[in-house]
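Beneath this line is the structure, given in C-alpha cells, with notes to follow.
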Amino acid sequence: MIEFCGIELEHQVINASGCFDVLAARQVFGEALVERFPFAAYVSKTVTLAARAGNPPPRLWESAGGMINSIGLPNPGVEVYLAHHVGEYARLGVPLITNVMGSSAGEFAELVERVAEREEVAAIELNVSCPNVATGLDIGADPRGLRDLLAVVRPLTRKPLIVKLTPNTADVAACAAAAEAGGADAVSLINTLRAMSLAPGGHGRPWLGGRTGGLSGPAIRAIALAQVASVAARVAVPVVGMGGVSSGADAAELLEVGARLVAVGSESFRDPAAGSRVAAELAAHFAENAA
Amino acid sequence: MTTPFGRRVSAVLSRRLVGRYVVLGIGEEAAVAEPGQFYMLAAVAGWGGGVDERPYLPRAVSVLYARDGEVGFLLEDVGPGTHRLCGLGVGEDVYLVGPLGQGFTPPPPGIEAILVGGGVGIPPLAMFQDRCGGQALLGFRTSEHAEAASLFAAPELATDDGSAGHQGHVTDLLDDLLETRQDIVVFACGPPAMLQAVQSRVARHQVPAQLALEAPMACGYGACFGCVVDTVAGYKRVCVDGPVFDAAVLV
C-alpha cells in the first residue's frame with residue numbers, strides 16, 4: 001500500500017487526466033475494465049462549470065516519438081459530471097481524483113465547492129494550464145497567480161488539493177513552491193508542452209483546429225524528468241510525476257528523482273491496459289533491486 | 001459483444017498482394033468482428049525509432065474478413081505506419097486492440113444494399129457483401145489498384161484513368177442507379193471527397209445511407225477524443241460513436 005495525501009493506494013501508478021475515459025472504455029471493454037482496472041486511482045478528465053464541445057478537428061498530430069493534441073477539454077459541465085459520472089467512477093473501486101479547471105479564481109472556487117460536497121471524491125486536482133480571463137496569462141505559469149488562486153480555494157475544502165503544474169513556464173519549481181505555500185497538498189507534473197504542427201503543403205497554416213496543442217509521449221520524457229527532479233527538490237509535498245512514461249523503467253526514473261506517484265498518459269492510447277503493465281514492471285524492477 | 005481489454009500480441013498468419021494493396025491475415029482466436037468495425041494495429045518490432053521516430057501511435061484499420069481464427073486487413077503503404085504494417089511478413093508479431101466501433105446495420109428485407117467504395121476504403125464493403133450481399137460500385141485510381149475488386153462478387157468499376165471500367169468517379173455509377181432505384185440503402189466507405197459526393201446525392205434522392213468514416217486516432221476506444229466529426233448532435237467520436245454514421249446526421 002502507498003500513502004498519498006492520506007489516501008491509501010494499491011500501487012504507485014495512476015492515469016494522467018484526459019488520457020482515459022472510463023465511460024467509453026466500459027462500453028467497449030465491459031466489466032473486464034472494472035475487474036482489471038489499470039490504475040491505483042482514477043483521475044477524471046477536466047471538468048468545467050459549463051459544458052464544452054472542445055476544439056474543432058483536426059485534433060491530433062503524430063510527431064517524432066509522440067503526439068500533439070488540441071482536444072480542447074470537451075466535457076458535459078460540472079452538473080452532468082456530478083449527476084451522472086461520479087457514481088460511475090465510484091464503481092471502479094479505486095479512489096477518484098476529480099480534475100477541475102476555471103478561467104478565474106471565482107470559477108475554481110465554485111467548482112471546488114461543488115465537487116468537494118461529494119464523498120466519492122477523494123481529492124481534487126486543479127488544472128491551472130488555462131489562460132486567466134482577466135490577464136490572458138496561464139494561471140499556473142505565474143507563482144503569484146497560483147498563490148492568489150490557492151488563497152481563494154484552499155479554505156473551501158479539507159479534501160486534498162493537487163495542483164497540476166504547467167511546464168510552459170520559466171520556473172516550474174517556483175510555481176510548485178507557490179502552490180505549496182498556498183496550501184496545496186500535492187503537485188502533479190508535467191502537463192503537455194505547447195507545440196505546433198503545420199498542415200502538409202499548407203504554407204505555414206497550422207494543422208490543428210486549435211492552432212497549437214500539447215506535446216506528449218516519449219518525446220517529452222527527458223523534460224519531465226528534469227522538471228519533476230527540480231520540483232521534488234524544492235517542495236516537501238508529494239509529487240505526481242508524469243510525461244512520456246511507457247514502461248516500469250520510465251516510471252522508476254521519476255520515482256528515483258523524488259516523485260511519490262507516477263501517472264501514465266499517452267501510453268494508454270497505445271495499450272488500454274498500459275497502467276497495469278507499467279505497475280507490474282515497476283514492481284518487478286523494485287523486486288530486482290531489492291534482491 | 002465487448003472487446004477484449006488491453007492490447008494483445010498476435011502473429012501474421014498470411015500475407016498476399018492484391019494489386020497495389022497488401023492483405024494481412026492476423027491470428028485472432030475469437031474473430032467476431034462485424035462489417036465496418038476496425039482494429040488498432042501496431043507492429044511489435046520496428047514501431048518508432050525510424051528516421052523521424054514515427055510511427056508512434058497504433059493505426060486504425062478496417063476489418064476485411066474475420067473467420068477461422070484469423071482477422072484480415074487491406075493495407076496501402078501511404079505513410080510510416082502503413083509502410084511498416086505493409087512490410088510485415090508471416091510470423092511477425094502485431095499488437096491488436098479490437099474489434100472496435102459500430103459497424104453497418106443490414107437493410108430490412110426487400111431493400112437492396114448498394115455498396116459504394118473507393119480505394120483502400122473497400123474492406124468494410126467486401127465483408128458486408130460476403131455476409132449480406134448487395135451490388136458493389138467501386139472506384140480506383142488505376143486498373144492496378146482495381147485488382148482489389150477481386151475481393152467482391154460482380155462489382156461495377158470506375159477508374160480515374162479509365163484503365164478499367166468506367167472512366168470517372170464511382171459516384172457516376174451511383175448517379176445512374178439513383179435515377180431508377182429508390183428501394184435501396186447505400187453503404188459507403190472511401191476518401192472524404194467521395195463520401196461527401198455520396199452524401200449529397202443520397203440526400204437529393206432521399207435514399208438512406210450509412211457512411212463508414214476514417215479519422216486519425218490515437219486510441220480507438222474513446223479515451224482521447226481526437227477523432228471527432230461534426231454531426232447535428234455536436235462532435236461525435238468516430239471510434240466509439242462510429243465509424244459508421246447515418247449520412248443524415250453528418251454536418
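Chains: A, B, ... in order of the C-alpha cells. Residues: from 1 per chain. Ligands: from 1, in order shown.
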Near chain B, 10 Å: chain A residue rows, closest pairs, only C-alpha atoms, as a Markdown table:
| residue | atom | partner | partner_atom | distance |
| --- | --- | --- | --- | --- |
| A:Gly18 | CA | B:Cys224 | CA | 7.0 |
| A:Cys19 | CA | B:Cys224 | CA | 5.9 |
| A:Phe20 | CA | B:Ala223 | CA | 4.7 |
| A:Asp21 | CA | B:Ala223 | CA | 4.6 |
| A:Val22 | CA | B:Ala223 | CA | 7.8 |
| A:Leu23 | CA | B:Gly222 | CA | 8.6 |
| A:Ala24 | CA | B:Gly222 | CA | 5.3 |
| A:Ala25 | CA | B:Tyr221 | CA | 6.2 |
| A:Arg26 | CA | B:Thr2 | CA | 9.0 |
| A:Gln27 | CA | B:Thr2 | CA | 7.5 |
| A:Val28 | CA | B:Thr2 | CA | 5.7 |
| A:Phe29 | CA | B:Thr3 | CA | 4.9 |
| A:Gly30 | CA | B:Thr2 | CA | 5.7 |
| A:Glu31 | CA | B:Thr2 | CA | 8.9 |
| A:Ala32 | CA | B:Phe5 | CA | 6.4 |
| A:Leu33 | CA | B:Phe5 | CA | 6.6 |
| A:Arg36 | CA | B:Phe5 | CA | 8.6 |
| A:Phe37 | CA | B:Phe5 | CA | 9.8 |
| A:Pro38 | CA | B:Gly6 | CA | 9.7 |
| A:Lys45 | CA | B:Ala223 | CA | 9.7 |
| A:Ala53 | CA | B:Tyr235 | CA | 6.9 |
| A:Gly54 | CA | B:Tyr235 | CA | 8.3 |
| A:Asn55 | CA | B:Tyr235 | CA | 9.4 |
| A:Pro56 | CA | B:Val228 | CA | 8.3 |
| A:Pro57 | CA | B:Val228 | CA | 6.5 |
| A:Pro58 | CA | B:Cys227 | CA | 7.5 |
| A:Arg59 | CA | B:Gly226 | CA | 5.1 |
| A:Leu60 | CA | B:Gly226 | CA | 5.7 |
| A:Trp61 | CA | B:Pro216 | CA | 8.3 |
| A:Glu62 | CA | B:Tyr56 | CA | 7.0 |
| A:Ser63 | CA | B:Arg54 | CA | 7.0 |
| A:Ala64 | CA | B:Glu53 | CA | 4.6 |
| A:Gly65 | CA | B:Glu53 | CA | 5.0 |
| A:Gly66 | CA | B:Tyr56 | CA | 6.0 |
| A:Met67 | CA | B:Tyr56 | CA | 7.8 |
| A:Asn69 | CA | B:Gly226 | CA | 7.2 |
| A:Ser70 | CA | B:Gly226 | CA | 7.9 |
| A:Ile71 | CA | B:Gly226 | CA | 6.1 |
| A:Gly72 | CA | B:Phe225 | CA | 9.3 |
| A:Leu73 | CA | B:Phe225 | CA | 9.0 |
| A:Pro74 | CA | B:Phe225 | CA | 8.1 |
| A:Gly217 | CA | B:Tyr56 | CA | 8.6 |
| A:Pro218 | CA | B:Tyr56 | CA | 9.1 |
| A:Ala219 | CA | B:Glu53 | CA | 9.1 |
| A:Gly265 | CA | B:Cys224 | CA | 9.9 |
| A:Ser266 | CA | B:Ala218 | CA | 8.3 |
| A:Glu267 | CA | B:Leu57 | CA | 8.9 |
| A:Ser268 | CA | B:Cys219 | CA | 7.6 |
| A:Phe269 | CA | B:Cys219 | CA | 4.1 |
| A:Arg270 | CA | B:Leu57 | CA | 6.0 |
| A:Asp271 | CA | B:Arg7 | CA | 5.3 |
| A:Pro272 | CA | B:Gly6 | CA | 4.8 |
| A:Ala273 | CA | B:Gly6 | CA | 4.6 |
| A:Ala274 | CA | B:Gly6 | CA | 7.6 |
| A:Ser276 | CA | B:Gly6 | CA | 9.6 |
| A:Arg277 | CA | B:Gly6 | CA | 9.8 |
For Val120 (chain B), list every protein, DNA or RNA residue within 12 Å, evaluated using only C-alpha atoms, and leave out those in the same chain fewer than 3 positions away; present the list as a ChimeraX atom specification.
-> /B:18-23,61-64,73-78,82,117,123-126,138-141,145-149,151,189-191,214
Minimum-distance residue to Phe104 (chain B), chosen among B:Ser14, B:Pro35, B:Pro155, B:Asp176 (using only C-alpha atoms) | B:Pro35
Which polymer residues have any atom within 8 Å of an atom of Val153 (chain A), counting only C-alpha atoms, with same-chain residues fewer than 4 positions away left out, as a list of chain:residue names?
-> A:Ala105, A:Phe108, A:Ala109, A:Val112, A:Leu149, A:Thr157
Keeping N, CA and C atoms for every residue in the selection just given, could you write it to a file as a PDB file, in the first residue's frame?
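Below you can see again-v8.pdb, which holds the result:
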ATOM      1  N   ALA A 105     -10.260  32.676 -10.434  1.00  0.00           N
ATOM      2  CA  ALA A 105     -10.283  32.077  -9.100  1.00  0.00           C
ATOM      3  C   ALA A 105     -11.724  31.818  -8.675  1.00  0.00           C
ATOM      4  N   PHE A 108     -12.889  28.570 -10.219  1.00  0.00           N
ATOM      5  CA  PHE A 108     -12.273  27.456  -9.493  1.00  0.00           C
ATOM      6  C   PHE A 108     -12.985  27.237  -8.158  1.00  0.00           C
ATOM      7  N   ALA A 109     -13.291  28.337  -7.486  1.00  0.00           N
ATOM      8  CA  ALA A 109     -13.924  28.234  -6.173  1.00  0.00           C
ATOM      9  C   ALA A 109     -15.278  27.532  -6.282  1.00  0.00           C
ATOM     10  N   VAL A 112     -14.659  23.805  -6.981  1.00  0.00           N
ATOM     11  CA  VAL A 112     -14.138  23.086  -5.811  1.00  0.00           C
ATOM     12  C   VAL A 112     -15.250  22.870  -4.788  1.00  0.00           C
ATOM     13  N   LEU A 149      -4.738  32.039  -6.387  1.00  0.00           N
ATOM     14  CA  LEU A 149      -5.760  31.002  -6.594  1.00  0.00           C
ATOM     15  C   LEU A 149      -5.919  30.151  -5.336  1.00  0.00           C
ATOM     16  N   THR A 157     -12.232  23.594   1.201  1.00  0.00           N
ATOM     17  CA  THR A 157     -12.353  22.148   1.362  1.00  0.00           C
ATOM     18  C   THR A 157     -11.203  21.592   2.186  1.00  0.00           C
TER      19      THR A 157
END
Just the residues within 7 Å of region 107-116 of chain B, please, counting only C-alpha atoms, with nothing from its chain fewer than 5 positions along; format it as a PyMOL selection string.
-> chain B and resi 125+134-138+183-189
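Taking CA of Gly275 (chain A) and CA of His11 (chain A) as the two end points, the separation is 10.4 Å.
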Glu110 (chain A) surroundings by only C-alpha atoms, 10 Å radius, close-in-sequence under 5 positions cut, as an NGL selection string | :A and (48-49 or 78 or 102 or 105 or 115-116 or 153 or 156)
With C-alpha atoms retained, could you export that selection as an mmCIF file, in the first residue's frame?
data_model
loop_
_atom_site.group_PDB
_atom_site.id
_atom_site.type_symbol
_atom_site.label_atom_id
_atom_site.label_comp_id
_atom_site.auth_asym_id
_atom_site.auth_seq_id
_atom_site.Cartn_x
_atom_site.Cartn_y
_atom_site.Cartn_z
ATOM 1 C CA THR A 48 -15.501 22.902 -16.150
ATOM 2 C CA LEU A 49 -18.536 24.838 -14.914
ATOM 3 C CA VAL A 78 -19.983 20.084 -13.602
ATOM 4 C CA GLY A 102 -11.722 27.501 -14.252
ATOM 5 C CA ALA A 105 -10.283 32.077 -9.100
ATOM 6 C CA VAL A 115 -17.089 18.776 -6.222
ATOM 7 C CA ALA A 116 -16.000 18.746 -2.568
ATOM 8 C CA VAL A 153 -9.830 27.744 -2.959
ATOM 9 C CA LEU A 156 -13.164 25.810 0.791
#
Students should find that CA of Leu215 (chain A) and CA of Asn191 (chain A) are spaced 8.9 Å
Looking only at the backbone, which of the residues in region 23-129 of chain B does DSSP tag as alpha helix (DSSP H), as an MDAnalysis selection string?
-> chainID B and resid 80:86 123:129
With C-alpha atoms kept, could you save the residues just selected as a compact mmCIF listing (two decimals), in the first residue's frame?
# COMPACT_ATOMS: atom_id res chain seq x y z
CA PRO B 80 5.20 5.48 -41.79
CA GLY B 81 2.57 3.35 -40.02
CA THR B 82 1.08 1.65 -43.07
CA HIS B 83 4.59 1.29 -44.52
CA ARG B 84 5.64 -0.75 -41.50
CA LEU B 85 2.42 -2.80 -41.50
CA CYS B 86 2.69 -3.49 -45.24
CA PRO B 123 -12.78 -3.62 -46.86
CA PRO B 124 -15.95 -2.98 -44.81
CA LEU B 125 -17.99 -3.29 -48.00
CA ALA B 126 -16.32 -6.52 -49.11
CA MET B 127 -17.05 -8.00 -45.69
CA PHE B 128 -20.61 -6.71 -45.84
CA GLN B 129 -21.25 -8.21 -49.28
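From CA of Ala212 (chain B) back to CA of Phe245 (chain B), the distance works out to 6.4 Å.
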Select from region 6-246 of chain A everything DSSP, run on the backbone, classes as strand (DSSP E or B), then give the selection as a PyMOL selection string.
-> chain A and resi 7-9+13-15+42-43+47+52+60-63+66-69+75+96-100+121-127+131+138+161-164+186-189+193-196+198+206+212-216+239-242
Near Gly93 (chain A), counting only C-alpha atoms, which residues have an atom at most 9 Å away, once you skip same-chain residues fewer than 2 positions from it, shown as a PyMOL selection string?
-> chain A and resi 34+37+41+89-91+95-96
Restricting it to C-alpha atoms, dump the selection as an mmCIF file, in the first residue's frame.
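Output file result-v3.cif is given in full below:
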data_model
loop_
_atom_site.group_PDB
_atom_site.id
_atom_site.type_symbol
_atom_site.label_atom_id
_atom_site.label_comp_id
_atom_site.auth_asym_id
_atom_site.auth_seq_id
_atom_site.Cartn_x
_atom_site.Cartn_y
_atom_site.Cartn_z
ATOM 1 C CA VAL A 34 -13.619 -2.725 -13.755
ATOM 2 C CA PHE A 37 -8.759 -1.508 -13.678
ATOM 3 C CA ALA A 41 -6.644 5.890 -8.611
ATOM 4 C CA TYR A 89 -16.402 6.309 -11.351
ATOM 5 C CA ALA A 90 -17.034 5.319 -7.740
ATOM 6 C CA ARG A 91 -17.853 1.795 -9.007
ATOM 7 C CA PRO A 95 -10.062 6.465 -5.235
ATOM 8 C CA LEU A 96 -11.454 9.159 -7.527
#
Can you tell me, as a ChimeraX atom specification, what residues are no more than 6 Å from Ala164 (chain B) when counting only C-alpha atoms, ignoring any on the same chain fewer than 2 positions away?
-> /B:143,159,162
Output file for the selection above: C-alpha atoms, as a PDB file, in the first residue's frame:
ATOM      1  CA  SER B 143      -6.538  -0.722 -63.168  1.00  0.00           C
ATOM      2  CA  THR B 159     -11.196   4.264 -62.558  1.00  0.00           C
ATOM      3  CA  GLY B 162     -10.247   4.764 -67.455  1.00  0.00           C
TER       4      GLY B 162
END
